[in-house]
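Asks: This structure is in structure tokens; I'll ask about it shortly.
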Amino acid sequence: MKRKVLLIYTGGTIGMEKDYTTGSLVPFDFSTIFKRIPEMNLLECEVSVHPFEKPVDSSDMGPNEWRMIAEWIHKNYNAFDGFLILHGTDTMSYTASALSFMLKNLSKPVILTGSQLPIGDLRTDAKENLLTSLYYASLYDNDEAVIKEVAVYFEYKLLRGNRSLKYSAEFFDAYQSPNYPILGQSGVHLNI
């Protein structure tokens, strides 16, 4: 049985692509995501995409947007096995922390991820972050979710949402959990 994951795109670099005519970043058309990232079709999960009507810059995320995300998860909780939130990196840890307190008694994964470079860039980290986050959001063992909390996945590390911290705007390895061990690490194998 394929697990069902709701992908919520809020905004941020992960959902942008470069307009090579102007050199500026423009929002990515999420209706084409399965064509642009065909590897998504290889995952053992069904993905439904719900983008915010207007993408929100990470610096503009706050309690109103946190409430919108929490309400979408609450409204769709029984229809999906996991949730993936694509988010700008500057305030992703704040959103993850807020959601961890808003969404109590989770029995399903709520994973947040983003990227340092736009999804269409040649050297982007967006693809790996997106694909592995989908894997974590759909990971079950004997009909029970392996991850039952809000977490941040970034550059091969899965961190507890309310213990994550962005410490670099320059490196792909931009997040850490200074006072708490990581929940998981991806490489050849996914360790949890």
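Numbering starts fresh at 1 for the residues of each chain in the structure tokens, the chains themselves are lettered A, B, ... in the order given, and ligands are numbered from 1 as they appear.
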List as JSON lines every residue of region 88-154 of chain A that is in contact with region 26-37 of chain A, defined as an atom at most 10 Å from one of its atoms (using only C-alpha atoms), together with the nearest atom pair and the distance in Å rounded to one decimal, sorted by chain and then rising number.
Replies:
{"residue": "A:Pro118", "atom": "CA", "partner": "A:Phe28", "partner_atom": "CA", "distance": 9.0}
{"residue": "A:Ile119", "atom": "CA", "partner": "A:Phe28", "partner_atom": "CA", "distance": 8.0}
{"residue": "A:Gly120", "atom": "CA", "partner": "A:Phe28", "partner_atom": "CA", "distance": 8.6}
{"residue": "A:Lys127", "atom": "CA", "partner": "A:Ile37", "partner_atom": "CA", "distance": 7.6}
{"residue": "A:Leu130", "atom": "CA", "partner": "A:Ile37", "partner_atom": "CA", "distance": 9.7}
{"residue": "A:Leu131", "atom": "CA", "partner": "A:Ile37", "partner_atom": "CA", "distance": 9.1}
Asks: Counting only C-alpha atoms, what is within 7 Å of region 142-154 of chain A, bar same-chain residues fewer than 6 positions away, as number ranges by chain?
Replies: A: 96, 99-100, 106-113, 129, 133, 160-161, 175
Asks: Store the residues picked out above, limited to all heavy atoms, as a CSV table (one decimal), in the first residue's frame.
Replies:
chain,number,residue,atom,x,y,z
A,96,ALA,N,8.9,25.3,12.6
A,96,ALA,CA,9.0,23.9,13.1
A,96,ALA,C,8.7,23.9,14.6
A,96,ALA,O,8.0,23.0,15.1
A,96,ALA,CB,10.3,23.3,12.8
A,99,LEU,N,5.0,24.8,15.3
A,99,LEU,CA,4.1,23.7,14.9
A,99,LEU,C,4.2,22.5,15.9
A,99,LEU,O,3.2,21.8,16.2
A,99,LEU,CB,4.4,23.2,13.5
A,99,LEU,CG,4.0,24.1,12.4
A,99,LEU,CD1,4.5,23.6,11.0
A,99,LEU,CD2,2.5,24.4,12.4
A,100,SER,N,5.4,22.3,16.5
A,100,SER,CA,5.6,21.2,17.4
A,100,SER,C,4.7,21.4,18.6
A,100,SER,O,4.3,20.4,19.3
A,100,SER,CB,7.1,21.0,17.8
A,100,SER,OG,7.5,22.0,18.7
A,106,LEU,N,1.0,13.9,17.9
A,106,LEU,CA,1.1,13.5,16.6
A,106,LEU,C,1.3,12.0,16.5
A,106,LEU,O,2.1,11.4,17.3
A,106,LEU,CB,2.2,14.2,15.8
A,106,LEU,CG,2.0,15.6,15.4
A,106,LEU,CD1,3.2,16.2,14.8
A,106,LEU,CD2,0.8,15.7,14.4
A,107,SER,N,0.7,11.3,15.6
A,107,SER,CA,1.0,9.9,15.3
A,107,SER,C,1.5,9.7,13.9
A,107,SER,O,1.7,8.6,13.4
A,107,SER,CB,-0.2,9.0,15.6
A,107,SER,OG,-1.2,9.4,14.7
A,108,LYS,N,1.8,10.9,13.3
A,108,LYS,CA,2.3,10.9,11.9
A,108,LYS,C,3.4,11.9,11.7
A,108,LYS,O,3.5,12.9,12.5
A,108,LYS,CB,1.1,11.3,10.9
A,108,LYS,CG,-0.1,10.4,11.0
A,108,LYS,CD,-1.2,10.9,10.1
A,108,LYS,CE,-2.4,10.0,10.3
A,108,LYS,NZ,-3.5,10.4,9.4
A,109,PRO,N,4.3,11.8,10.7
A,109,PRO,CA,5.3,12.7,10.5
A,109,PRO,C,4.9,14.0,9.9
A,109,PRO,O,4.0,14.1,9.0
A,109,PRO,CB,6.3,12.0,9.6
A,109,PRO,CG,5.5,11.0,8.9
A,109,PRO,CD,4.3,10.7,9.8
A,110,VAL,N,5.5,15.1,10.4
A,110,VAL,CA,5.4,16.5,9.8
A,110,VAL,C,6.8,16.9,9.6
A,110,VAL,O,7.5,17.2,10.6
A,110,VAL,CB,4.6,17.4,10.7
A,110,VAL,CG1,4.6,18.8,10.1
A,110,VAL,CG2,3.1,16.9,10.9
A,111,ILE,N,7.2,16.9,8.4
A,111,ILE,CA,8.6,17.2,8.0
A,111,ILE,C,8.7,18.6,7.3
A,111,ILE,O,7.9,18.9,6.4
A,111,ILE,CB,9.2,16.2,7.1
A,111,ILE,CG1,9.0,14.7,7.6
A,111,ILE,CG2,10.7,16.4,6.9
A,111,ILE,CD1,9.7,14.4,8.9
A,112,LEU,N,9.6,19.4,7.7
A,112,LEU,CA,9.9,20.7,7.0
A,112,LEU,C,11.2,20.6,6.4
A,112,LEU,O,12.2,20.1,6.9
A,112,LEU,CB,9.9,21.9,8.0
A,112,LEU,CG,8.5,22.3,8.6
A,112,LEU,CD1,8.2,21.5,9.8
A,112,LEU,CD2,8.6,23.8,8.9
A,113,THR,N,11.3,21.2,5.1
A,113,THR,CA,12.6,21.3,4.5
A,113,THR,C,12.6,22.5,3.5
A,113,THR,O,11.5,23.1,3.3
A,113,THR,CB,12.9,20.0,3.7
A,113,THR,OG1,14.3,20.0,3.3
A,113,THR,CG2,12.1,19.9,2.4
A,129,ASN,N,16.9,17.3,-0.7
A,129,ASN,CA,16.2,17.6,0.5
A,129,ASN,C,14.7,17.3,0.3
A,129,ASN,O,14.1,16.7,1.2
A,129,ASN,CB,16.3,19.1,0.8
A,129,ASN,CG,17.6,19.5,1.4
A,129,ASN,OD1,18.4,18.6,1.8
A,129,ASN,ND2,17.9,20.8,1.4
A,133,SER,N,13.0,14.0,2.2
A,133,SER,CA,12.0,14.4,3.1
A,133,SER,C,10.7,13.7,2.8
A,133,SER,O,9.9,13.3,3.7
A,133,SER,CB,11.7,16.0,3.0
A,133,SER,OG,12.8,16.7,3.5
A,160,ARG,N,15.0,17.2,15.3
A,160,ARG,CA,13.8,17.5,16.1
A,160,ARG,C,13.4,19.0,15.8
A,160,ARG,O,14.3,19.8,15.9
A,160,ARG,CB,13.9,17.3,17.5
A,160,ARG,CG,12.7,17.6,18.3
A,160,ARG,CD,12.6,16.9,19.6
A,160,ARG,NE,12.2,15.5,19.3
A,160,ARG,CZ,12.5,14.4,20.1
A,160,ARG,NH1,13.3,14.6,21.1
A,160,ARG,NH2,12.1,13.2,19.7
A,161,GLY,N,12.2,19.2,15.4
A,161,GLY,CA,11.8,20.6,14.9
A,161,GLY,C,12.1,21.6,15.9
A,161,GLY,O,12.6,22.7,15.6
A,175,TYR,N,22.0,23.6,9.1
A,175,TYR,CA,21.2,23.4,10.4
A,175,TYR,C,22.0,22.5,11.3
A,175,TYR,O,22.7,21.6,10.9
A,175,TYR,CB,19.9,22.8,10.1
A,175,TYR,CG,18.9,23.8,9.5
A,175,TYR,CD1,19.0,24.1,8.1
A,175,TYR,CD2,18.0,24.5,10.2
A,175,TYR,CE1,18.1,25.0,7.5
A,175,TYR,CE2,17.2,25.4,9.7
A,175,TYR,CZ,17.2,25.7,8.3
A,175,TYR,OH,16.4,26.6,7.8
Asks: Give one line per residue of region 72-136 of chain A that approaches region 54-68 of chain A to at most 12 Å, naming the two atoms of the closest pair and their distance in Å to one decimal, counting only C-alpha atoms; sort by chain then ascending residue number and deliver it as a Markdown table.
Replies:
| residue | atom | partner | partner_atom | distance |
| --- | --- | --- | --- | --- |
| A:Trp72 | CA | A:Met68 | CA | 6.2 |
| A:Ile73 | CA | A:Met68 | CA | 8.7 |
| A:His74 | CA | A:Met68 | CA | 9.8 |
| A:Lys75 | CA | A:Met68 | CA | 10.4 |
| A:Ile85 | CA | A:Trp66 | CA | 11.1 |
| A:Leu86 | CA | A:Pro55 | CA | 10.5 |
| A:His87 | CA | A:Ser58 | CA | 7.0 |
| A:Gly88 | CA | A:Ser58 | CA | 4.6 |
| A:Thr89 | CA | A:Ser58 | CA | 6.7 |
| A:Asp90 | CA | A:Ser58 | CA | 5.8 |
| A:Thr91 | CA | A:Ser58 | CA | 5.6 |
| A:Met92 | CA | A:Ser58 | CA | 7.4 |
| A:Ser93 | CA | A:Ser58 | CA | 10.6 |
| A:Tyr94 | CA | A:Gly62 | CA | 8.5 |
| A:Thr95 | CA | A:Trp66 | CA | 6.4 |
| A:Ala96 | CA | A:Trp66 | CA | 9.0 |
| A:Ser97 | CA | A:Trp66 | CA | 10.0 |
| A:Ala98 | CA | A:Trp66 | CA | 7.1 |
| A:Leu99 | CA | A:Trp66 | CA | 6.8 |
| A:Ser100 | CA | A:Trp66 | CA | 10.5 |
| A:Phe101 | CA | A:Trp66 | CA | 10.8 |
| A:Met102 | CA | A:Arg67 | CA | 8.4 |
| A:Leu103 | CA | A:Arg67 | CA | 10.3 |
| A:Gly114 | CA | A:Ser58 | CA | 10.3 |
| A:Ser115 | CA | A:Ser58 | CA | 11.8 |
Asks: With only C-alpha atoms as the counted atoms, please give the residues lying no more than 8 Å from Leu183 (chain A), apart from itself and same-chain residues fewer than 3 positions off, as a CSV table (one decimal) with all heavy atoms, in the first residue's frame.
Replies:
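out_16.csv written:
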chain,number,residue,atom,x,y,z
A,157,LYS,N,20.5,15.4,7.3
A,157,LYS,CA,20.2,15.3,8.7
A,157,LYS,C,18.7,15.5,9.0
A,157,LYS,O,18.1,16.5,8.5
A,157,LYS,CB,21.0,16.3,9.6
A,157,LYS,CG,22.5,16.0,9.6
A,157,LYS,CD,23.3,16.9,10.5
A,157,LYS,CE,23.3,18.3,10.0
A,157,LYS,NZ,24.2,19.2,10.6
A,158,LEU,N,18.2,14.7,9.9
A,158,LEU,CA,16.8,14.9,10.4
A,158,LEU,C,16.9,15.3,11.8
A,158,LEU,O,17.5,14.7,12.6
A,158,LEU,CB,16.0,13.6,10.3
A,158,LEU,CG,14.5,13.6,10.7
A,158,LEU,CD1,13.8,14.4,9.6
A,158,LEU,CD2,14.0,12.2,10.8
A,159,LEU,N,16.3,16.5,12.1
A,159,LEU,CA,16.5,17.1,13.4
A,159,LEU,C,15.1,17.3,14.0
A,159,LEU,O,14.1,17.6,13.3
A,159,LEU,CB,17.1,18.5,13.3
A,159,LEU,CG,18.4,18.6,12.6
A,159,LEU,CD1,18.8,20.0,12.4
A,159,LEU,CD2,19.5,17.8,13.3
A,160,ARG,N,15.0,17.2,15.3
A,160,ARG,CA,13.8,17.5,16.1
A,160,ARG,C,13.4,19.0,15.8
A,160,ARG,O,14.3,19.8,15.9
A,160,ARG,CB,13.9,17.3,17.5
A,160,ARG,CG,12.7,17.6,18.3
A,160,ARG,CD,12.6,16.9,19.6
A,160,ARG,NE,12.2,15.5,19.3
A,160,ARG,CZ,12.5,14.4,20.1
A,160,ARG,NH1,13.3,14.6,21.1
A,160,ARG,NH2,12.1,13.2,19.7
A,192,ILE,N,17.7,6.1,11.6
A,192,ILE,CA,16.8,6.8,12.4
A,192,ILE,C,17.0,6.5,13.9
A,192,ILE,O,17.2,5.3,14.2
A,192,ILE,CB,15.3,6.6,12.0
A,192,ILE,CG1,15.1,7.0,10.6
A,192,ILE,CG2,14.4,7.3,12.9
A,192,ILE,CD1,13.8,6.7,10.0
Asks: From the DSSP assignment of the backbone, select every residue of region 78-165 of chain A that is helix (DSSP H, G or I), and format the answer as a PyMOL selection string.
Replies: chain A and resi 78-79+92-102+126-137+161-163
Asks: List every residue of chain A that DSSP, applied to the backbone of this structure, assigns to strand (DSSP E or B), and report them as a PyMOL selection string.
Replies: chain A and resi 3-9+16-18+25-27+45-51+82-86+110-113+140-141+144-145+150-154+157-160+165-166+175-176+184-186+190-191
Asks: Using only C-alpha atoms, which protein or nucleic acid residues come within 10 Å of Phe172 (chain A)? Drop anything in the same chain fewer than 4 positions from it, and give the result as a JSON list (two decimals) with N, CA, C and O atoms, in the first residue's frame.
Replies:
[["chain", "number", "residue", "atom", "x", "y", "z"],
["A", 115, "SER", "N", 15.77, 24.79, 0.88],
["A", 115, "SER", "CA", 17.04, 24.66, 0.19],
["A", 115, "SER", "C", 17.78, 25.98, 0.17],
["A", 115, "SER", "O", 17.18, 27.04, 0.32],
["A", 116, "GLN", "N", 19.08, 25.89, -0.03],
["A", 116, "GLN", "CA", 19.90, 27.09, -0.12],
["A", 116, "GLN", "C", 19.90, 27.66, -1.55],
["A", 116, "GLN", "O", 20.10, 28.83, -1.73],
["A", 117, "LEU", "N", 19.69, 26.77, -2.53],
["A", 117, "LEU", "CA", 19.64, 27.19, -3.94],
["A", 117, "LEU", "C", 18.30, 26.81, -4.54],
["A", 117, "LEU", "O", 17.71, 25.81, -4.15],
["A", 124, "THR", "N", 21.79, 22.68, -7.17],
["A", 124, "THR", "CA", 20.80, 22.81, -6.10],
["A", 124, "THR", "C", 20.84, 21.67, -5.09],
["A", 124, "THR", "O", 21.12, 20.53, -5.43],
["A", 125, "ASP", "N", 20.54, 22.03, -3.86],
["A", 125, "ASP", "CA", 20.34, 21.04, -2.80],
["A", 125, "ASP", "C", 18.86, 20.72, -2.64],
["A", 125, "ASP", "O", 18.49, 19.85, -1.85],
["A", 126, "ALA", "N", 18.01, 21.37, -3.42],
["A", 126, "ALA", "CA", 16.56, 21.23, -3.27],
["A", 126, "ALA", "C", 16.08, 19.82, -3.57],
["A", 126, "ALA", "O", 15.23, 19.28, -2.86],
["A", 154, "PHE", "N", 17.41, 18.54, 6.48],
["A", 154, "PHE", "CA", 18.26, 19.41, 5.69],
["A", 154, "PHE", "C", 19.65, 18.81, 5.59],
["A", 154, "PHE", "O", 20.25, 18.45, 6.60],
["A", 155, "GLU", "N", 20.14, 18.69, 4.37],
["A", 155, "GLU", "CA", 21.51, 18.23, 4.09],
["A", 155, "GLU", "C", 21.87, 16.98, 4.89],
["A", 155, "GLU", "O", 22.78, 16.97, 5.72],
["A", 156, "TYR", "N", 21.12, 15.93, 4.63],
["A", 156, "TYR", "CA", 21.39, 14.59, 5.16],
["A", 156, "TYR", "C", 21.09, 14.41, 6.64],
["A", 156, "TYR", "O", 21.38, 13.37, 7.20],
["A", 168, "SER", "N", 23.97, 28.77, 9.26],
["A", 168, "SER", "CA", 24.73, 29.24, 8.11],
["A", 168, "SER", "C", 23.83, 29.54, 6.93],
["A", 168, "SER", "O", 22.96, 28.75, 6.59]]
Asks: Got a sec: who's within 8 Å of Leu7 (chain A), counting only C-alpha atoms, leaving out chain neighbours fewer than 5 positions off, as a PyMOL selection string?
Replies: chain A and resi 47-51+83-86
Asks: Could you write out the selected residues, including N, CA, C and O atoms, as a short mmCIF file (atom, residue, chain, number, x, y, z; two decimals), in the first residue's frame?
Replies:
data_model
loop_
_atom_site.label_atom_id
_atom_site.label_comp_id
_atom_site.auth_asym_id
_atom_site.auth_seq_id
_atom_site.Cartn_x
_atom_site.Cartn_y
_atom_site.Cartn_z
N VAL A 47 1.82 11.60 -3.69
CA VAL A 47 2.02 12.96 -3.21
C VAL A 47 0.93 13.87 -3.78
O VAL A 47 0.71 13.90 -4.98
N SER A 48 0.26 14.58 -2.88
CA SER A 48 -0.70 15.62 -3.27
C SER A 48 -0.05 16.95 -2.91
O SER A 48 0.52 17.10 -1.83
N VAL A 49 -0.16 17.91 -3.81
CA VAL A 49 0.50 19.20 -3.62
C VAL A 49 -0.53 20.27 -3.32
O VAL A 49 -1.53 20.41 -4.02
N HIS A 50 -0.26 21.02 -2.25
CA HIS A 50 -1.09 22.17 -1.89
C HIS A 50 -0.17 23.38 -1.68
O HIS A 50 0.43 23.52 -0.61
N PRO A 51 -0.03 24.23 -2.71
CA PRO A 51 0.78 25.44 -2.51
C PRO A 51 -0.04 26.55 -1.87
O PRO A 51 -1.25 26.62 -2.06
N PHE A 83 3.09 14.51 6.26
CA PHE A 83 3.00 15.88 5.76
C PHE A 83 4.41 16.42 5.53
O PHE A 83 5.30 16.22 6.37
N LEU A 84 4.60 17.08 4.40
CA LEU A 84 5.88 17.72 4.08
C LEU A 84 5.61 19.18 3.80
O LEU A 84 4.78 19.52 2.95
N ILE A 85 6.32 20.04 4.52
CA ILE A 85 6.16 21.48 4.36
C ILE A 85 7.44 22.03 3.74
O ILE A 85 8.52 21.90 4.33
N LEU A 86 7.31 22.63 2.55
CA LEU A 86 8.44 23.29 1.91
C LEU A 86 8.42 24.74 2.37
O LEU A 86 7.40 25.42 2.25
#
Asks: So what do you get for CA of Gln176 (chain A) versus CA of Leu25 (chain A), distance-wise?
Replies: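 Going from CA of Gln176 (chain A) over to CA of Leu25 (chain A), I get 27.2 Å.
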